[in-house]
Amino acid sequence: SVLSRYENQITILSDYLEEFPETDEPVWILGRQHHLNTDKSKLLLDVSARLWFTYRRKFSPIGGTGPSSDAGWGCMLRCGQMMLAQALICRHLGRDWQWEKHKKQPEEYHRILRCFLDRKDCCYSIHQMAQMGVGEGKSIGEWFGPNTVAQVLKKLALFDEWNSLAVYVSMDNTVVIEDIKKMCWSPPQSSSVAHSSAHLHRSALGRSKTTAGLCPGWKPLLLIIPLRLGINHINPVYIDAFKECFKMPQSLGALGGKPNNAYYFIGFLGNELIYLDPHTTQSFVDSEENGTVDDESFHCQQAPHRMKIMNLDPSVALGFFCKEECDFDNWCSLVQKEILKQQSLRMFELVQKHPPHWPPFIPPTKPEVTTTGAELIESTDKLFELEEEFEILSV
């Protein structure tokens with residue numbers, strides 16, 4: 001059982017490095033540049049530090065009677081988890097934080113990891129994501145696309161007070177600066193509204209009352225831009241702009257892959273994309289009594305996979321994280337300089353004002369608890385034996 005728990009995890013450094021060709025071209029990983037000729041070991045550490053979420057088996061059935069494994073259908077959900085986890089790492093530990101096997105990690109790291117454990121009471125678990133997807137028209141066990149995963153993360157983040165992220169998912173290939181600043185500077189919600197969603201925070205997430213979400217100021221931004229970069233195949237005109245996104249210090253990579261095969265793209269070398277692959281089935285891992293997590297199976301210690309950019313399915317979602325307003329302002333400048341001014345056919349638009357023909361922008365807030373609809377993880381919940389409180393709050 002120990003061997004199966006860490007299946008496909010055993011490797012050695014030399015095996016990993018042999019996967020990369022001898023080249024003078026730089027490797028870009030989530031805004032960091034590496035040179036294979038001089039710092040291969042740093043490249044290895046950078047890749048293995050990313051939280052790696054894969055198929056799991058033997059977790060509690062989703063919804064009580066649903067699947068107990070996401071093998072074969074949960075790959076895009078796992079990729080969404082990886083992108084979000086990278087945002088949380090940047091938020092609490094910084095982009096330059098590194099993971100090392102058997103090394104003691106800060107409490108924030110374990111708290112981040114607990115957000116994603118395969119339990120119904122963890123904020124971004126496969127259970128929460130799959131059930132929230134029902135509200136997006138996806139049955140439990142059905143494959144998600146990049147945009148659906150982005151919408152699910154946007155909704156779940158409303159209940160996550162500890163991380164207090166503002167999640168903006170662009171519409172119609174357009175990022176609106178005015179709307180993002182309105183959302184990130186929106187005033188905190190009242191404690192009564194926070195109490196109404198307490199049933200989603202009886203995990204390790206909800207222990208602290210002094211969360212960032214209750215303080216005024218800029219809410220850290222998770223920006224997701226779903227795109228269609230072609231019809232049946234990616235249009236070559238977008239390749240340079242797509243690669244440029246991985247160079248930005250705010251980069252969280254991209255969600256995408258091939259039809260029904262999702263990957264989390266974290267960088268590139270030449271005209272090849274580098275990605276983490278969720279298509280490995282491992283056994284469910286829970287937290288220990290002291291709150292730590294046996295985390296070795298959550299870090300990919302094998303060679304990262306590579307694929308030619310032209311083999312990428314044109315349906316993708318770019319991710320960026322801006323902890324402070326200045327990070328977002330810097331991202332806007334980079335987009336204008338490196339993407340928009342260089343492209344005749346633009347990958348996406350960045351505009352200052354909310355388009356007048358669009359519906360008014362209203363920053364999303366936590367909905368009141370009800371007992372209907374998948375919007376609030378459905379009433380199959382019974383997560384924390386709070387059915388009576390649900391009835392009171394929904395009156």
# chains A, B, ... in the order shown; residues from 1 in each chain; ligands from 1
>>> residues_around(residues="A:Val149", least_positions_apart="5", cutoff="12 Å", atoms="only C-alpha atoms", output="VMD selection string")
chain A and resid 74 to 84 124 126 128 to 138 142 to 144 154 to 156 169 224 to 226 255 to 256 262 316 to 317 319
>>> closest_atom_pairs(of="stretch 267-308 of chain A", to="stretch 29-35 of chain A", cutoff="9 Å", atoms="only C-alpha atoms", output="Markdown table")
| residue | atom | partner | partner_atom | distance |
| --- | --- | --- | --- | --- |
| A:Gly267 | CA | A:Ile29 | CA | 4.3 |
| A:Phe268 | CA | A:Ile29 | CA | 6.9 |
| A:Ile274 | CA | A:Ile29 | CA | 8.2 |
>>> residues_around(residues="A:Glu244", least_positions_apart="3", cutoff="10 Å", atoms="only C-alpha atoms", output="JSON, numbers by chain")
{"A": [28, 31, 239, 240, 241, 247, 248, 251, 267, 268, 334, 335, 338, 339]}
>>> residues_around(residues="A:Ser48", least_positions_apart="4", cutoff="7 Å", atoms="only C-alpha atoms", output="JSON, numbers by chain")
{"A": [44, 299, 300, 301]}
>>> residues_around(residues="A:Cys123", least_positions_apart="3", cutoff="7 Å", atoms="only C-alpha atoms", output="ChimeraX atom specification")
/A:115-116,128,160,200
>>> write_last_selection(atoms="all heavy atoms", output="short mmCIF file (atom, residue, chain, number, x, y, z; two decimals), in the first residue's frame")
data_model
loop_
_atom_site.label_atom_id
_atom_site.label_comp_id
_atom_site.auth_asym_id
_atom_site.auth_seq_id
_atom_site.Cartn_x
_atom_site.Cartn_y
_atom_site.Cartn_z
N CYS A 115 -6.60 22.81 1.95
CA CYS A 115 -7.71 23.34 1.16
C CYS A 115 -8.11 22.40 0.04
O CYS A 115 -9.25 22.45 -0.44
CB CYS A 115 -7.34 24.70 0.54
SG CYS A 115 -7.05 26.04 1.69
N PHE A 116 -7.18 21.54 -0.40
CA PHE A 116 -7.39 20.74 -1.61
C PHE A 116 -7.52 19.25 -1.33
O PHE A 116 -7.63 18.47 -2.28
CB PHE A 116 -6.23 20.97 -2.58
CG PHE A 116 -6.10 22.39 -3.04
CD1 PHE A 116 -5.27 23.28 -2.38
CD2 PHE A 116 -6.82 22.85 -4.13
CE1 PHE A 116 -5.14 24.60 -2.80
CE2 PHE A 116 -6.71 24.17 -4.57
CZ PHE A 116 -5.87 25.04 -3.90
N GLN A 128 -16.14 19.48 -3.65
CA GLN A 128 -16.73 20.81 -3.79
C GLN A 128 -16.76 21.25 -5.25
O GLN A 128 -17.74 21.82 -5.73
CB GLN A 128 -15.92 21.84 -2.97
CG GLN A 128 -15.93 21.58 -1.47
CD GLN A 128 -17.22 22.07 -0.80
OE1 GLN A 128 -18.21 22.33 -1.44
NE2 GLN A 128 -17.17 22.20 0.51
N ASP A 160 -14.21 31.36 0.80
CA ASP A 160 -12.88 31.16 1.35
C ASP A 160 -12.38 32.46 1.98
O ASP A 160 -11.74 33.28 1.32
CB ASP A 160 -11.95 30.68 0.22
CG ASP A 160 -10.52 30.49 0.69
OD1 ASP A 160 -10.26 30.56 1.91
OD2 ASP A 160 -9.65 30.27 -0.19
N LEU A 200 -19.24 25.99 5.17
CA LEU A 200 -18.20 25.60 4.22
C LEU A 200 -16.81 25.78 4.80
O LEU A 200 -15.83 25.56 4.12
CB LEU A 200 -18.32 26.43 2.93
CG LEU A 200 -19.49 26.06 2.03
CD1 LEU A 200 -19.54 26.99 0.83
CD2 LEU A 200 -19.38 24.62 1.58
#
>>> closest_residue(among="A:Phe20, A:Trp99, A:Phe348, A:Phe53", to="A:Gln282", atoms="only C-alpha atoms")
A:Phe53
>>> select_by_dssp(residues="stretch 91-182 of chain A", states="strand (DSSP E)", output="list in words")
Ala166, Val167, Tyr168, Val169, Thr174, Val175 and Val176 of chain A
>>> write_last_selection(atoms="N, CA, C and O atoms", output="mmCIF file, in the first residue's frame")
data_model
loop_
_atom_site.group_PDB
_atom_site.id
_atom_site.type_symbol
_atom_site.label_atom_id
_atom_site.label_comp_id
_atom_site.auth_asym_id
_atom_site.auth_seq_id
_atom_site.Cartn_x
_atom_site.Cartn_y
_atom_site.Cartn_z
ATOM 1 N N ALA A 166 -9.935 37.708 -4.823
ATOM 2 C CA ALA A 166 -10.890 38.232 -5.794
ATOM 3 C C ALA A 166 -10.621 37.489 -7.104
ATOM 4 O O ALA A 166 -9.540 37.630 -7.674
ATOM 5 N N VAL A 167 -11.559 36.686 -7.542
ATOM 6 C CA VAL A 167 -11.375 35.892 -8.758
ATOM 7 C C VAL A 167 -12.146 36.545 -9.899
ATOM 8 O O VAL A 167 -13.367 36.674 -9.836
ATOM 9 N N TYR A 168 -11.420 36.953 -10.914
ATOM 10 C CA TYR A 168 -12.011 37.598 -12.084
ATOM 11 C C TYR A 168 -11.815 36.683 -13.280
ATOM 12 O O TYR A 168 -10.681 36.326 -13.630
ATOM 13 N N VAL A 169 -12.928 36.278 -13.898
ATOM 14 C CA VAL A 169 -12.882 35.467 -15.109
ATOM 15 C C VAL A 169 -13.362 36.346 -16.260
ATOM 16 O O VAL A 169 -14.492 36.837 -16.256
ATOM 17 N N THR A 174 -12.043 39.713 -23.151
ATOM 18 C CA THR A 174 -11.819 41.111 -22.766
ATOM 19 C C THR A 174 -11.597 41.222 -21.259
ATOM 20 O O THR A 174 -12.412 40.742 -20.467
ATOM 21 N N VAL A 175 -10.494 41.852 -20.869
ATOM 22 C CA VAL A 175 -10.196 42.136 -19.466
ATOM 23 C C VAL A 175 -10.473 43.613 -19.229
ATOM 24 O O VAL A 175 -9.914 44.476 -19.922
ATOM 25 N N VAL A 176 -11.335 43.909 -18.261
ATOM 26 C CA VAL A 176 -11.756 45.285 -17.992
ATOM 27 C C VAL A 176 -11.078 45.777 -16.710
ATOM 28 O O VAL A 176 -11.367 45.305 -15.613
#
>>> closest_residue(among="A:Val47, A:Pro146, A:Lys182, A:Asp327", to="A:Gln352", atoms="only C-alpha atoms")
A:Lys182
>>> closest_residue(among="A:Leu223, A:Val27, A:Tyr238, A:Val285", to="A:Leu340", atoms="only C-alpha atoms")
A:Tyr238
>>> atom_distance(atom1="atom CA of A:Glu272", atom2="atom CA of A:Ile309")
5.5 Å
